[in-house]
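S.K.: I am sharing upload22.txt, which consists of compact mmCIF, C-alpha atoms:
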```
# COMPACT_ATOMS: atom_id res chain seq x y z
CA MET A 1 93.77 -25.38 68.88
CA SER A 2 94.06 -28.43 71.16
CA THR A 3 91.03 -28.83 73.43
CA ASN A 4 90.32 -30.96 76.47
CA GLN A 5 93.33 -33.22 76.20
CA GLU A 6 93.76 -35.25 79.39
CA PHE A 7 97.00 -36.06 81.22
CA ASP A 8 98.06 -37.57 84.51
CA CYS A 9 100.15 -34.46 85.16
CA VAL A 10 100.76 -31.06 83.58
CA VAL A 11 104.06 -29.36 84.43
CA ILE A 12 104.13 -25.60 83.81
CA GLY A 13 107.56 -24.15 83.07
CA ALA A 14 110.23 -25.98 81.07
CA GLY A 15 113.30 -24.73 82.86
CA VAL A 16 115.57 -27.17 84.65
CA GLN A 17 113.17 -27.84 87.52
CA GLY A 18 110.12 -28.34 85.32
CA SER A 19 111.94 -30.36 82.69
CA PHE A 20 113.46 -32.76 85.23
CA THR A 21 110.13 -33.10 87.02
CA ALA A 22 108.41 -34.01 83.76
CA TYR A 23 111.18 -36.47 82.94
CA GLN A 24 110.83 -38.23 86.30
CA LEU A 25 107.05 -38.40 85.94
CA ALA A 26 107.39 -39.94 82.48
CA LYS A 27 109.88 -42.48 83.83
CA HIS A 28 107.18 -43.53 86.28
CA LYS A 29 104.67 -44.14 83.47
CA GLN A 30 102.72 -40.94 84.00
CA LYS A 31 101.16 -39.36 80.92
CA THR A 32 102.79 -35.92 81.25
CA LEU A 33 102.54 -32.59 79.44
CA LEU A 34 105.32 -29.99 79.79
CA LEU A 35 104.20 -26.43 78.99
CA GLU A 36 106.51 -23.51 78.19
CA GLN A 37 105.41 -19.97 77.34
CA PHE A 38 108.42 -19.24 75.11
CA ILE A 39 109.78 -21.05 72.08
CA LEU A 40 112.46 -23.50 73.22
CA PRO A 41 115.33 -22.96 73.74
CA HIS A 42 115.17 -19.40 75.11
CA THR A 43 117.13 -17.00 77.32
CA ARG A 44 114.29 -15.26 79.16
CA GLY A 45 114.27 -17.19 82.44
CA SER A 46 116.80 -18.71 84.83
CA SER A 47 117.94 -22.00 83.27
CA HIS A 48 119.74 -20.83 80.14
CA GLY A 49 123.47 -20.44 79.71
CA GLN A 50 126.21 -22.93 79.14
CA THR A 51 127.43 -23.62 82.68
CA ARG A 52 126.42 -23.80 86.35
CA ILE A 53 128.29 -24.80 89.51
CA ILE A 54 127.42 -28.07 91.25
CA ARG A 55 128.70 -28.38 94.82
CA LYS A 56 128.26 -29.63 98.36
CA ALA A 57 129.77 -26.52 99.93
CA TYR A 58 126.70 -25.23 101.72
CA ASP A 59 126.25 -23.99 105.25
CA GLU A 60 123.54 -26.55 106.17
CA ASP A 61 123.64 -30.33 106.26
CA PHE A 62 120.36 -30.92 104.44
CA TYR A 63 121.71 -29.45 101.20
CA VAL A 64 124.82 -31.61 101.41
CA ASN A 65 122.67 -34.71 101.97
CA MET A 66 120.54 -33.93 98.92
CA MET A 67 123.56 -33.50 96.70
CA ASP A 68 124.69 -37.11 97.17
CA GLU A 69 121.67 -38.36 95.23
CA SER A 70 121.83 -35.40 92.89
CA TYR A 71 125.26 -36.47 91.60
CA GLU A 72 123.92 -39.99 91.04
CA LEU A 73 120.97 -38.65 89.03
CA TRP A 74 123.20 -36.51 86.84
CA ALA A 75 125.41 -39.54 86.14
CA GLN A 76 122.31 -41.57 85.31
CA LEU A 77 121.13 -38.96 82.81
CA GLU A 78 124.59 -38.84 81.24
CA ARG A 79 124.40 -42.61 80.66
CA GLU A 80 120.87 -42.51 79.29
CA ALA A 81 121.48 -39.56 76.96
CA GLY A 82 125.04 -40.46 76.01
CA VAL A 83 126.33 -36.92 76.62
CA LYS A 84 128.77 -35.41 79.09
CA LEU A 85 126.96 -33.07 81.51
CA TYR A 86 129.38 -32.73 84.44
CA ARG A 87 133.05 -31.85 84.67
CA GLN A 88 134.90 -32.05 87.97
CA THR A 89 136.90 -28.89 88.63
CA GLY A 90 136.81 -28.52 92.40
CA LEU A 91 135.37 -25.48 94.14
CA LEU A 92 137.54 -22.90 95.88
CA VAL A 93 135.69 -21.28 98.80
CA MET A 94 137.29 -18.10 100.17
CA GLY A 95 136.07 -15.84 102.94
CA PRO A 96 137.01 -14.12 106.21
CA GLU A 97 138.36 -16.95 108.33
CA LYS A 98 136.35 -16.03 111.42
CA SER A 99 133.12 -15.12 109.62
CA HIS A 100 130.00 -17.10 110.44
CA TYR A 101 129.17 -18.25 106.91
CA TYR A 102 132.70 -19.32 105.98
CA GLU A 103 133.05 -21.28 109.23
CA GLN A 104 129.65 -22.90 108.68
CA VAL A 105 130.56 -24.06 105.17
CA LYS A 106 133.90 -25.44 106.31
CA ASN A 107 132.35 -27.22 109.29
CA THR A 108 129.54 -28.67 107.18
CA LEU A 109 132.01 -30.10 104.69
CA GLN A 110 134.08 -31.62 107.50
CA ARG A 111 131.07 -32.99 109.38
CA ASN A 112 129.76 -34.71 106.26
CA LYS A 113 133.19 -36.02 105.29
CA VAL A 114 133.16 -34.27 101.92
CA PRO A 115 136.62 -34.47 100.31
CA MET A 116 138.30 -31.11 100.83
CA VAL A 117 141.69 -29.46 101.05
CA THR A 118 142.43 -26.57 103.40
CA LEU A 119 144.84 -24.01 101.99
CA THR A 120 146.98 -21.54 103.91
CA SER A 121 148.44 -18.18 102.95
CA ASP A 122 151.81 -19.94 102.60
CA ASN A 123 150.74 -22.58 100.07
CA PHE A 124 147.72 -20.89 98.45
CA ASN A 125 149.41 -19.68 95.27
CA GLN A 126 151.18 -22.99 94.74
CA HIS A 127 147.74 -24.53 94.27
CA ILE A 128 145.74 -21.55 92.96
CA PRO A 129 147.83 -19.26 90.76
CA HIS A 130 146.59 -15.87 89.53
CA VAL A 131 144.32 -15.35 92.55
CA LYS A 132 145.12 -13.08 95.49
CA LEU A 133 143.98 -14.38 98.88
CA THR A 134 142.99 -11.37 100.98
CA GLU A 135 144.74 -11.08 104.32
CA GLY A 136 142.57 -12.64 107.01
CA ASN A 137 140.72 -14.85 104.56
CA GLY A 138 140.64 -18.62 104.72
CA ALA A 139 140.43 -20.95 101.74
CA VAL A 140 139.22 -24.50 101.23
CA VAL A 141 138.76 -26.54 98.08
CA GLU A 142 135.81 -28.91 97.81
CA VAL A 143 137.35 -31.57 95.58
CA THR A 144 134.27 -33.16 93.99
CA ALA A 145 132.52 -29.94 92.92
CA GLY A 146 132.46 -28.90 89.32
CA VAL A 147 130.65 -27.55 86.29
CA LEU A 148 127.30 -28.64 84.91
CA TYR A 149 126.74 -27.96 81.23
CA ALA A 150 123.38 -26.25 81.59
CA ASP A 151 122.08 -25.77 78.03
CA ARG A 152 123.28 -29.25 77.12
CA ALA A 153 121.54 -30.72 80.18
CA LEU A 154 118.22 -29.07 79.36
CA LYS A 155 118.37 -30.32 75.80
CA ALA A 156 119.24 -33.83 76.98
CA VAL A 157 116.53 -34.12 79.62
CA GLN A 158 113.83 -32.75 77.34
CA ALA A 159 114.85 -35.22 74.64
CA GLN A 160 114.75 -38.11 77.14
CA PHE A 161 111.33 -36.96 78.33
CA GLN A 162 110.02 -37.09 74.77
CA LYS A 163 111.57 -40.52 74.20
CA LEU A 164 109.55 -41.72 77.19
CA GLY A 165 106.35 -40.48 75.55
CA GLY A 166 106.21 -37.06 77.21
CA VAL A 167 104.66 -34.15 75.34
CA ILE A 168 106.25 -30.69 75.16
CA ARG A 169 104.20 -27.71 74.08
CA ASP A 170 106.28 -24.55 73.82
CA ASN A 171 105.12 -21.08 72.77
CA GLU A 172 101.98 -21.66 74.88
CA MET A 173 101.29 -19.17 77.65
CA VAL A 174 99.06 -20.35 80.49
CA MET A 175 96.01 -18.11 80.66
CA ASP A 176 94.05 -19.78 83.45
CA ILE A 177 94.21 -22.59 86.01
CA LYS A 178 90.95 -23.94 87.42
CA PRO A 179 91.62 -26.09 90.51
CA GLY A 180 89.54 -29.13 91.40
CA PRO A 181 89.82 -32.93 91.59
CA ILE A 182 90.73 -32.58 87.93
CA VAL A 183 92.68 -29.38 87.23
CA THR A 184 91.91 -27.50 84.02
CA VAL A 185 94.78 -25.55 82.47
CA SER A 186 93.94 -23.14 79.65
CA THR A 187 96.71 -21.82 77.42
CA SER A 188 96.97 -19.52 74.44
CA ALA A 189 96.59 -22.59 72.22
CA GLY A 190 94.54 -25.17 74.08
CA VAL A 191 92.81 -26.55 77.14
CA TYR A 192 94.25 -29.45 79.16
CA ARG A 193 92.90 -31.47 82.07
CA ALA A 194 95.08 -33.30 84.58
CA LYS A 195 94.94 -35.15 87.88
CA ARG A 196 97.91 -33.12 89.09
CA VAL A 197 99.65 -29.89 88.13
CA VAL A 198 103.21 -28.86 88.99
CA ILE A 199 104.05 -25.15 88.81
CA THR A 200 107.77 -24.54 88.25
CA ALA A 201 107.54 -21.22 86.47
CA GLY A 202 110.42 -19.37 88.13
CA PRO A 203 109.90 -15.59 87.94
CA TRP A 204 106.33 -16.09 86.71
CA ALA A 205 105.26 -18.36 89.61
CA ASN A 206 103.08 -15.81 91.39
CA ARG A 207 101.26 -14.87 88.19
CA LEU A 208 100.18 -18.48 87.82
CA LEU A 209 99.47 -18.95 91.52
CA ALA A 210 97.12 -15.97 91.39
CA HIS A 211 94.67 -18.22 89.48
CA THR A 212 94.62 -20.49 92.55
CA GLY A 213 94.18 -17.75 95.15
CA LEU A 214 97.74 -17.95 96.47
CA GLN A 215 100.69 -15.56 96.48
CA LEU A 216 104.17 -16.23 97.85
CA PRO A 217 106.71 -13.58 98.94
CA LEU A 218 108.95 -14.14 95.92
CA GLU A 219 111.39 -11.49 94.77
CA VAL A 220 112.57 -11.47 91.17
CA VAL A 221 115.97 -9.89 90.50
CA LYS A 222 118.02 -9.48 87.37
CA ILE A 223 121.62 -10.72 87.52
CA ASN A 224 124.29 -9.37 85.21
CA VAL A 225 126.25 -12.42 84.08
CA CYS A 226 129.73 -11.06 83.38
CA TYR A 227 132.69 -12.55 81.53
CA TRP A 228 136.18 -11.16 82.11
CA LYS A 229 139.09 -11.46 79.66
CA GLU A 230 142.36 -13.13 80.63
CA LYS A 231 145.46 -10.98 80.24
CA VAL A 232 147.43 -14.12 79.42
CA PRO A 233 145.31 -16.70 77.54
CA GLY A 234 144.86 -19.94 79.48
CA SER A 235 145.64 -18.53 82.94
CA TYR A 236 142.21 -19.43 84.31
CA ASP A 237 141.33 -22.22 81.87
CA VAL A 238 139.31 -25.27 82.94
CA ARG A 239 141.82 -27.46 81.06
CA ARG A 240 144.54 -26.17 83.36
CA ARG A 241 142.49 -27.29 86.33
CA PHE A 242 141.46 -23.83 87.45
CA PRO A 243 138.51 -24.40 89.81
CA CYS A 244 135.09 -22.84 90.21
CA PHE A 245 135.09 -20.47 93.16
CA ILE A 246 132.92 -18.65 95.69
CA LEU A 247 134.03 -15.59 97.62
CA THR A 248 131.62 -15.61 100.56
CA GLU A 249 132.18 -11.94 101.36
CA SER A 250 134.80 -9.36 100.54
CA GLN A 251 135.90 -5.77 100.98
CA GLU A 252 133.50 -4.94 98.17
CA SER A 253 130.37 -6.70 99.44
CA LYS A 254 128.78 -8.96 102.04
CA GLU A 255 127.06 -10.94 99.25
CA HIS A 256 128.64 -13.92 97.52
CA ILE A 257 130.70 -13.45 94.39
CA TYR A 258 131.08 -16.63 92.37
CA GLY A 259 132.90 -17.68 89.24
CA LEU A 260 133.67 -20.47 86.81
CA PRO A 261 136.88 -21.13 84.88
CA SER A 262 137.36 -20.08 81.29
CA ASN A 263 135.37 -22.65 79.34
CA GLU A 264 132.28 -21.55 77.45
CA TYR A 265 133.87 -18.47 75.87
CA PRO A 266 137.60 -19.01 75.12
CA GLY A 267 139.73 -16.68 77.22
CA LEU A 268 136.80 -15.38 79.28
CA VAL A 269 136.09 -16.17 82.93
CA LYS A 270 132.52 -15.98 84.27
CA ILE A 271 132.37 -13.97 87.52
CA CYS A 272 129.02 -12.84 88.91
CA TYR A 273 127.47 -11.14 91.91
CA HIS A 274 124.98 -13.44 93.66
CA THR A 275 122.18 -10.91 93.79
CA GLY A 276 120.78 -8.12 91.67
CA SER A 277 118.13 -5.43 91.40
CA LYS A 278 114.40 -6.04 91.36
CA ALA A 279 112.98 -6.66 87.92
CA ASP A 280 109.73 -7.40 86.15
CA PRO A 281 110.33 -10.66 84.25
CA ASP A 282 108.41 -9.31 81.26
CA GLN A 283 110.34 -6.01 81.29
CA ARG A 284 113.76 -7.29 82.25
CA ASP A 285 115.62 -5.32 79.60
CA GLN A 286 114.37 -2.05 81.07
CA GLN A 287 116.27 -2.81 84.28
CA THR A 288 119.70 -1.31 83.57
CA ASP A 289 121.26 -1.08 87.04
CA ARG A 290 125.01 -1.73 86.90
CA SER A 291 125.87 -1.38 90.58
CA ASP A 292 126.69 -5.09 90.73
CA ILE A 293 129.14 -4.69 87.85
CA ASN A 294 130.88 -1.87 89.73
CA ILE A 295 131.29 -4.18 92.74
CA LEU A 296 132.64 -6.95 90.50
CA GLN A 297 135.13 -4.61 88.85
CA ARG A 298 136.65 -3.73 92.21
CA CYS A 299 136.74 -7.39 93.21
CA VAL A 300 138.39 -8.49 89.96
CA LYS A 301 141.00 -5.75 90.26
CA HIS A 302 141.76 -6.75 93.85
CA CYS A 303 141.56 -10.56 93.73
CA PHE A 304 142.13 -11.63 90.11
CA PRO A 305 145.17 -9.75 88.80
CA GLY A 306 145.29 -11.87 85.65
CA LEU A 307 141.95 -10.53 84.39
CA ILE A 308 141.15 -7.22 82.72
CA PRO A 309 138.82 -5.46 85.23
CA GLU A 310 136.20 -4.54 82.65
CA PRO A 311 133.63 -7.13 81.53
CA ALA A 312 134.09 -8.26 77.95
CA VAL A 313 130.60 -9.79 77.73
CA VAL A 314 127.51 -9.07 79.86
CA GLU A 315 124.49 -11.34 79.65
CA SER A 316 121.56 -11.59 82.05
CA CYS A 317 119.66 -14.10 84.14
CA LEU A 318 116.66 -13.86 86.47
CA TYR A 319 116.75 -15.10 90.06
CA THR A 320 113.60 -15.87 92.04
CA LEU A 321 114.23 -15.59 95.78
CA THR A 322 112.33 -16.22 99.00
CA PRO A 323 112.99 -14.02 102.06
CA ASP A 324 115.17 -16.68 103.72
CA ARG A 325 116.75 -17.80 100.42
CA HIS A 326 115.49 -21.38 100.86
CA PHE A 327 113.32 -22.90 98.16
CA VAL A 328 109.61 -23.68 98.33
CA LEU A 329 108.57 -27.21 97.33
CA ASP A 330 105.15 -27.98 98.68
CA CYS A 331 101.56 -28.81 97.89
CA HIS A 332 99.16 -25.93 97.49
CA PRO A 333 97.61 -25.28 100.93
CA THR A 334 94.07 -25.60 99.53
CA TYR A 335 94.47 -27.88 96.52
CA SER A 336 96.66 -30.88 97.35
CA ASN A 337 96.95 -31.95 93.70
CA ILE A 338 98.82 -28.75 92.79
CA VAL A 339 102.55 -28.81 93.59
CA ILE A 340 104.57 -25.60 93.81
CA GLY A 341 108.31 -25.42 93.16
CA ALA A 342 109.79 -21.92 93.47
CA GLY A 343 112.65 -19.87 94.84
CA PHE A 344 115.46 -22.20 93.80
CA SER A 345 117.86 -19.46 92.71
CA GLY A 346 119.15 -18.79 96.22
CA THR A 347 120.43 -22.35 96.58
CA ILE A 348 121.82 -23.03 93.08
CA LEU A 349 120.53 -26.61 93.35
CA TRP A 350 120.05 -27.61 89.78
CA SER A 351 118.44 -30.94 90.54
CA LEU A 352 116.21 -30.36 93.54
CA VAL A 353 112.87 -31.01 91.93
CA GLU A 354 114.24 -33.95 89.96
CA TRP A 355 115.25 -35.47 93.28
CA MET A 356 112.10 -34.81 95.26
CA VAL A 357 108.97 -34.05 93.29
CA THR A 358 106.21 -36.64 93.12
CA GLN A 359 107.93 -39.26 90.93
CA GLY A 360 104.45 -39.91 89.60
CA ARG A 361 102.92 -40.55 93.02
CA SER A 362 100.70 -38.48 95.30
CA CYS A 363 101.58 -35.16 96.91
CA THR A 364 101.20 -36.91 100.25
CA TRP A 365 104.04 -39.24 99.29
CA MET A 366 106.17 -36.27 98.25
CA LEU A 367 105.66 -34.53 101.59
CA GLN A 368 106.45 -37.76 103.42
CA GLN A 369 109.77 -37.91 101.60
CA ILE A 370 110.51 -34.28 102.48
CA THR A 371 109.69 -34.91 106.14
CA GLU A 372 111.79 -38.06 106.32
CA GLN A 373 114.76 -36.13 104.97
CA LYS A 374 114.14 -33.39 107.60
CA LEU A 375 113.50 -30.94 104.78
CA HIS A 376 109.90 -29.99 105.35
CA PHE A 377 110.53 -26.83 107.36
CA HIS A 378 113.00 -25.57 104.79
CA SER A 379 110.81 -26.35 101.78
CA SER A 380 107.33 -25.64 103.14
CA SER A 381 105.32 -22.67 101.91
CA ASP A 382 103.95 -22.49 105.47
CA ARG A 383 107.27 -21.68 107.20
CA PRO A 384 107.35 -18.32 109.01
CA THR A 385 109.70 -16.57 106.59
CA VAL A 386 107.39 -17.39 103.66
CA LYS A 387 103.99 -17.29 105.33
CA GLY A 388 104.66 -13.93 106.99
```
Would you mind writing the structure in this file as structure tokens?
M.R.:
Amino acid sequence: MSTNQEFDCVVIGAGVQGSFTAYQLAKHKQKTLLLEQFILPHTRGSSHGQTRIIRKAYDEDFYVNMMDESYELWAQLEREAGVKLYRQTGLLVMGPEKSHYYEQVKNTLQRNKVPMVTLTSDNFNQHIPHVKLTEGNGAVVEVTAGVLYADRALKAVQAQFQKLGGVIRDNEMVMDIKPGPIVTVSTSAGVYRAKRVVITAGPWANRLLAHTGLQLPLEVVKINVCYWKEKVPGSYDVRRRFPCFILTESQESKEHIYGLPSNEYPGLVKICYHTGSKADPDQRDQQTDRSDINILQRCVKHCFPGLIPEPAVVESCLYTLTPDRHFVLDCHPTYSNIVIGAGFSGTILWSLVEWMVTQGRSCTWMLQQITEQKLHFHSSSDRPTVKG
């Protein structure tokens, strides 16, 4: 057992947010420990899987502004690690032309001068074959969006963190956090002391925050990650320039349905429903609700005639959501040397904490950066929709 080891910072949770935070801290010469309760790599949280969408097609300017630097940071990691992490595919956004969300996304892209192409019902299938555009729906393509190779990215950033002298301890569950000027973190295998602690534990965030006297209104849901077989191999293949896509709402649901081209499993297209049913992260396999799959089946049958409307593979992922679907990135209201990062699933921003968290400096500096970027209201744990 390791006892009383001292660090500048301990990061709890080695998913994408925690791993990138630890990497940035190490780059800024901070002696950093990254803790993970499971043996790495694992599929129990939110960061596993081969692919994710990266995009600027959001309904609010502040997300678009963040993504500019996000793309730069991904490119920087690609250079440092010598691996390809991003593939440009474009993102097709479809939705009722007069609906609030679709109009907001389109206007945000235009206002921020993001490269995009507007499609019409007359030319849609010339550009996007094997997809049916519902009558009354609009369609735009965000040109620079694409696919991030998720598992590969996690492996790369954790390796770079270790090259910089960072320490990873997996298979260590945090048992207790004692706040103070020096925070003491006790795990199943050791005790660690640090000037600062960052909690990026996804679905387990509130269990850790309970040690500090804080609870956030976080909802954990289980997503069925579905893959659908092409009737004609290659019809929706990434190598044939088929894009990622988001259907903002449909006849089947008011929630987003999103998808990625055939890539990780040959001949299979990932299409998922952007919400799920409540789940206990430690009992996720007992949650067997398939109502989202039923919605997806109807959508696939209606909009994607080149796919067999029965999932060939079903995996799972956990989302952690706040009531307003914006993330929380803030200092603990009582202990300013404890940083909380939670609720990122609603935004699909795979590099938020990498971009913003301390960079090895004080929490005060971090909050100054958030405020200067006009992000504090959206990220604060004290906003009305989080505070209650």
S.K.: Could you pull the residues within 12 Å of stretch 163-165 of chain A, counting only C-alpha atoms, minus those fewer than 4 positions along the same chain, as number ranges by chain?
M.R.: A: 7, 22-34, 80-81, 156-159
S.K.: Pick from A:His127, A:Lys98, A:Arg290, A:Lys155: nearest to A:Leu77, with only C-alpha atoms counted?
M.R.: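 Among the listed residues, the smallest separation from A:Leu77 belongs to A:Lys155.
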S.K.: Find the residue from A:Val197, A:Leu260, A:Val221, A:Leu35 that sits nearest to A:Cys244; use only C-alpha atoms when measuring.
M.R.: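 For A:Cys244, the nearest of the candidates is A:Leu260.
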S.K.: Got a sec: who's within 9 Å of A:Gly45, counting only C-alpha atoms, leaving out chain neighbours fewer than 2 positions off, as JSON, numbers by chain?
M.R.: {"A": [15, 42, 43, 47, 48, 201, 202, 203, 281, 317, 318, 319]}
S.K.: Counting only C-alpha atoms, figure out which residue out of A:Ile168, A:Leu208, A:Leu216, A:Ile257 gets nearest to A:Ser186.
M.R.: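 Looking only at the distances to A:Ser186, the closest residue turns out to be A:Leu208.
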S.K.: Which one of A:Val174, A:Ile223, A:Leu209, A:Ile12 sits closest to A:Glu315 if you count all atoms listed in the file?
M.R.: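 Under the stated criterion, the closest residue is A:Ile223.
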S.K.: With distances taken over only C-alpha atoms, which residue among A:Asp289, A:Val141, A:Leu296, A:Val232 lies nearest A:Ser253?
M.R.: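 Among A:Asp289, A:Val141, A:Leu296, A:Val232, it is A:Leu296 that comes nearest to A:Ser253.
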S.K.: Scan for residues within 10 Å of the point (139.6, -6.9, 93.5) in the coordinates of the file, using only C-alpha atoms, and reply as a PyMOL selection string.
M.R.: chain A and resi 131-132+134+250-252+295-305+309
